[in-house]
Amino acid sequence: MAAKQKFVYSFTEGNKDLKDLLGGKGANLAEMTNLGLPVPPGFTITTDACKVFLETGTEPASLNDEISGHLAALESHMGKRLGQADNPLLVSVRSGAKFSMPGMMDTVLNIGLSDASVTGLAAQSGNERFAWDSYRRLVQMFGKTVLGVDGELFEEALDEAKHAKGTANDLDLTAEDLKALVETFKAIVLRETGREFPQEPREQLDLAVHAVFHSWNGDRARLYRRQERIPNDLGTAVNVCTMVFGNLGEDSGTGVAFTRDPSTGTQGVYGDYLQNAQGEDVVAGIRNTLQLADLEQLDKKSYDELMSIMETLENHYRDLCDIEFTIERGKLWMLQTRVGKRTAAAAFRIAVQLVDQGLIDLDEALHRVTGNQLAQLMFPRFAPTSETRPVAYGIAASPGAAVGKVVFDSYTAVKWSRSGEKVILVRRETNPDDLEGMIAAGGILTSRGGKTSHAAVVARGMGKTCVCGAEELEVDTKNRKFTTADGQVVHEGDVVSIDGANGKVYLGEVPVLPSPVVEYFEGTLHAGADVQGGLVQAVHRLMSHADGRRRLAVRANADNAEDANRARRYGAQGIGLCRTEHMFLGEERRKEVEHLILADNDKDREAALSSLLPRQKGDFLELFQSMDGLPVTVRLLDPPLHEFLPDITELSVRVALAEARKDPNENDLRLLQAVHRLHEANPMLGLRGVRLGLVIPGLFGMQVRAIAEAAAERKLAGGDPRPEVMIPLVGTVQELELVRDECERVLAEVAASTGVNLDIKLGTMIELPRAAVTAGQIAEAADFFSFGTNDLTQTVWGFSRDDVEASFFTAYLEKGIFGVSPFETIDRDGVGSLVRSAAKAGRATRPDLKLGVCGEHGGDPDSVHFFHEVGLDYVSCSPFRIPVARLEAGRAAIETAGSDSR
């Protein structure tokens with residue numbers, strides 16, 4: 001008989017490895033309990049219970065009894081019952097998914113308070129103000145989170161109470177003021193929901209648990225998961241924890257701490273602390289906090305204990321830890337720990353620091369950084385001049401150089417960014433409802449909050465530039481403006497620049513300098529330029545390790561010597577895609593292509609090809625010199641010929657005007673006839689690629705001759721050219737065989753005329769579904785395959801990229817049809833399955849078949865892992881993305897090795 005499924009675990013039963021079941025928060029609370037750290041007792045309702053609830057609309061049949069059993073054990077341990085009138089036990093109900101989603105799901109504190117138990121709490125604590133403050137927090141949080149009341153109604157009532165008292169600080173409200181506020185809040189609940197605020201403690205608990213379950217599918221949680229690529233089917237656990245109180249007076253408080261600076265990675269004491277406050281006050285940024293170091297002066301005993309616990313946790317987790325704690329009348333309690341979110345710079349620095357401390361090895365260090373983080377480090381930084389003076393200073397919460405127009409709400413940020421504007425979202429403090437605007441904005445600026453505020457934590461997770469706690473700024477969101485300390489007024493639409501590396505805020509647009517990481521890759525970093533605490537050295541060590549571990553080679557998509565040279569500096573191991581059509585651009589070459597298109601006899605066509613040959617040869621000579629000793633894959637002409645002709649509307653007008661002047665231009669007339677002749681309803685699926693080579697005699701032959709002659713000349717000069725010829729848009733092996741025959745004939749002629757032995761591989765792009773499913777046949781005539789995943793994605797999905805991204809992709813992303821655009825990350829189930837099967841079939845026919853990819857997916861971190869997994873030999877991407885691909889190829893290798901060892 002199968003064991004009955006268990007849906008509730010005490011904190012004493014789990015551990016940090018049960019995140020799938022207990023969520024990150026529950027697993028780590030259990031781990032801290034196992035370590036003997038001061039964790040308030042409690043229990044966790046599993047993610048499995050959440051999944052059942054969301055799938056069926058009701059909780060598992062056994063859940064109520066399991067909760068009752070754990071609640072009874074908790075009451076027995078604490079010596080008091082949930083919400084009892086004279087000595088109430090109070091609990092918090094908090095979400096906790098496998099992956100950290102800060103502020104995206106629901107939390108309710110002080111469950112168990114009621115009209116009857118609030119007086120008992122006052123008597124128990126000896127602090128009437130504290131009791132009524134806790135009760136008003138419960139009604140406010142429960143009303144918004146569980147009952148769906150507009151949170152602004154509570155905020156407005158609180159502001160009115162403070163205004164009536166003549167204060168801006170809620171700590172100045174007395175017990176009588178708070179008692180009146182509770183009645184106001186309860187009246188809001190009754191008016192907005194048609195029901196009284198629930199007085200039965202168990203009803204409060206059950207409703208709060210259900211609200212947390214529901215919050216997994218809330219708008220902001222779904223948006224955050226899309227942004228962070230977190231799966232939608234994980235569900236959230238629910239943690240029920242005995243309340244400890246930081247709002248009992250000046251000897252109490254709450255805080256958030258980091259074992260290292262999450263912005264820079266520097267070791268030290270980092271965090272925020274608020275006296276006489278509950279936990280949500282710190283991350284909400286509603287009051288500016290004290291620095292964690294100030295706690296040493298306020299409560300040295302708690303401070304010393306906290307420092308010892310932080311060291312224990314960092315050594316145990318072997319990583320930067322993010323910690324939430326509460327001090328209740330001098331007693332320290334640990335409420336949460338997790339591996340902390342950090343900026344890209346901090347990620348690289350911390351990984352190397354931990355290696356040097358002997359806590360992790362280089363493989364683990366490489367596993368902890370990502371290609372996306374490396375890409376963030378390659379963006380420019382500000383170059384302020386002596387005339388550029390900041391108008392405000394805030395806390396450097398998440399680095400970067402962001403410039404944009406000021407907006408004051410999420411809706412405007414999204415609207416303007418969709419119109420192509422760069423925007424900076426300015427708020428007093430952000431909250432989870434601002435997430436959509438934070439995603440749309442280039443940077444975030446707040447006048448309140450610190451490094452642990454909502455704005456800071458979310459911005460770091462997304463890699464957004466953020467400056468928090470710029471107190472000199474008076475932010476007036478209603479009138480859509482902010483005022484600086486010296487009286488300058490900045491209205492919505494004005495441009496500001498914010499520096500997330502030092503917290504400075506500038507009016508107007510500040511010029512930028514290259515990133516030192518880019519200078520490192522370019523080889524232009526001058527001595528002493530790395531003033532960023534060893535960042536470049538950290539990048540160098542991890543890049544070197546990635547290069548030593550990776551199996552995938554990384555090539556560049558490059559069409560000229562300038563791009564090729566840059567790619568080589570960035571670590572490219574050859575060119576995986578040279579688009580020869582780009583060599584036909586420019587006025588003179590366009591004219592020669594026009595002559596080819598207009599040629600109506602063999603003589604004229606051969607003349608046009610002969611004039612193009614030396615130009616093509618010169619281009620290839622430059623490329624072979626730049627990439628000497630490395631492979632250069634040259635794709636023969638791919639786009640339809642009409643792209644080289646004048647625009648049909650422009651040409652028609654020109655011809656009409658000439659005819660009106662009775663001075664017709666014969667060449668323009670012939671061009672217009674050619675444009676009409678070549679017009680196609682869908683050129684992407686028309687006369688292009690291999691079809692051009694078969695329909696226009698000599699076109700591909702001319703290109704191959706140019707490649708071969710350039711290679712021969714380079715060899716005779718002592719070079720080591722390694723060209724490869726790639727035939728595009730092949731759909732059947734017969735096409736490839738015909739073009740291959742022509743290519744081999746030309747190569748033999750050039751070898752004979754130059755006396756140079758030419759070993760030039762001939763292969764094809766796999767970019768059509770038919771090519772993928774007949775790859776075994778096509779491999780008979782190919783030395784290599786290069787997957788053109790841009791076109792393969794278009795043809796598999798039936799999408800024209802130029803049209804669909806602007807028309808309906810946004811809706812598809814919002815509706816969850818896409819987690820991410822299939823043009824950004826490989827569609828593993830569709831396009832990816834064709835790549836996998838084609839690679840397998842090709843190698844079955846020809847075991848030595850070289851396999852690569854040359855769509856822009858070659859530089860996408862997630863896609864690189866897929867290409868490693870399916871056994872490709874190389875990826876090719878734009879020069880700027882080469883370091884990202886190198887890093888991810890190394891990470892893919894160590895992760896595969898790790899899974900194999902397991």
# chains A, B, ... in the order shown; residues from 1 in each chain; ligands from 1

call {"tool": "select_by_dssp", "arguments": {"residues": "region 98-216 of chain A", "states": "helix (DSSP H, G or I)", "output": "JSON, numbers by chain"}}
result
{"A": [117, 118, 119, 120, 121, 122, 123, 124, 125, 128, 129, 130, 131, 132, 133, 134, 135, 136, 137, 138, 139, 140, 141, 142, 143, 144, 145, 151, 152, 153, 154, 155, 156, 157, 158, 159, 160, 161, 162, 163, 164, 165, 170, 171, 172, 175, 176, 177, 178, 179, 180, 181, 182, 183, 184, 185, 186, 187, 188, 189, 190, 191, 192, 193, 201, 202, 203, 204, 205, 206, 207, 208, 209, 210, 211, 212, 213, 214, 215]}

call {"tool": "residues_around", "arguments": {"residues": "Gln275 (chain A)", "least_positions_apart": "5", "cutoff": "6 Å", "atoms": "only C-alpha atoms", "output": "ChimeraX atom specification"}}
result
/A:250,252-253

call {"tool": "write_last_selection", "arguments": {"atoms": "all heavy atoms", "output": "short mmCIF file (atom, residue, chain, number, x, y, z; two decimals), in the first residue's frame"}}
result
data_model
loop_
_atom_site.label_atom_id
_atom_site.label_comp_id
_atom_site.auth_asym_id
_atom_site.auth_seq_id
_atom_site.Cartn_x
_atom_site.Cartn_y
_atom_site.Cartn_z
N GLU A 250 12.33 50.67 21.20
CA GLU A 250 13.65 51.01 20.70
C GLU A 250 14.67 49.89 20.91
O GLU A 250 15.74 49.90 20.29
CB GLU A 250 14.15 52.30 21.37
CG GLU A 250 13.33 53.54 21.00
CD GLU A 250 13.27 53.77 19.49
OE1 GLU A 250 14.35 53.95 18.90
OE2 GLU A 250 12.17 53.76 18.90
N SER A 252 14.07 46.91 20.09
CA SER A 252 13.65 45.92 19.09
C SER A 252 13.83 46.52 17.70
O SER A 252 13.97 47.74 17.54
CB SER A 252 12.18 45.52 19.30
OG SER A 252 11.97 45.02 20.60
N GLY A 253 13.82 45.66 16.71
CA GLY A 253 13.97 46.16 15.35
C GLY A 253 14.05 45.03 14.36
O GLY A 253 13.98 43.85 14.72
#

call {"tool": "residues_around", "arguments": {"residues": "Ala893 (chain A)", "least_positions_apart": "6", "cutoff": "9 Å", "atoms": "only C-alpha atoms", "output": "NGL selection string"}}
result
:A and (546 or 549-552 or 865 or 868-869)

call {"tool": "residues_around", "arguments": {"residues": "region 533-544 of chain A", "least_positions_apart": "3", "cutoff": "8 Å", "atoms": "only C-alpha atoms", "output": "PyMOL selection string"}}
result
chain A and resi 345+348-349+352+362+365-366+516-517+520+530+547-548+883+886-887

call {"tool": "closest_residue", "arguments": {"among": "A:Pro723, A:Gly218, A:Gly235, A:Gly832", "to": "Thr47 (chain A)", "atoms": "only C-alpha atoms"}}
result
A:Gly235

call {"tool": "residues_around", "arguments": {"residues": "Ala501 (chain A)", "least_positions_apart": "5", "cutoff": "8 Å", "atoms": "only C-alpha atoms", "output": "list in words"}}
result
Ala396, Ala397, Ser398, Pro399, Gly400 and Ala401 of chain A
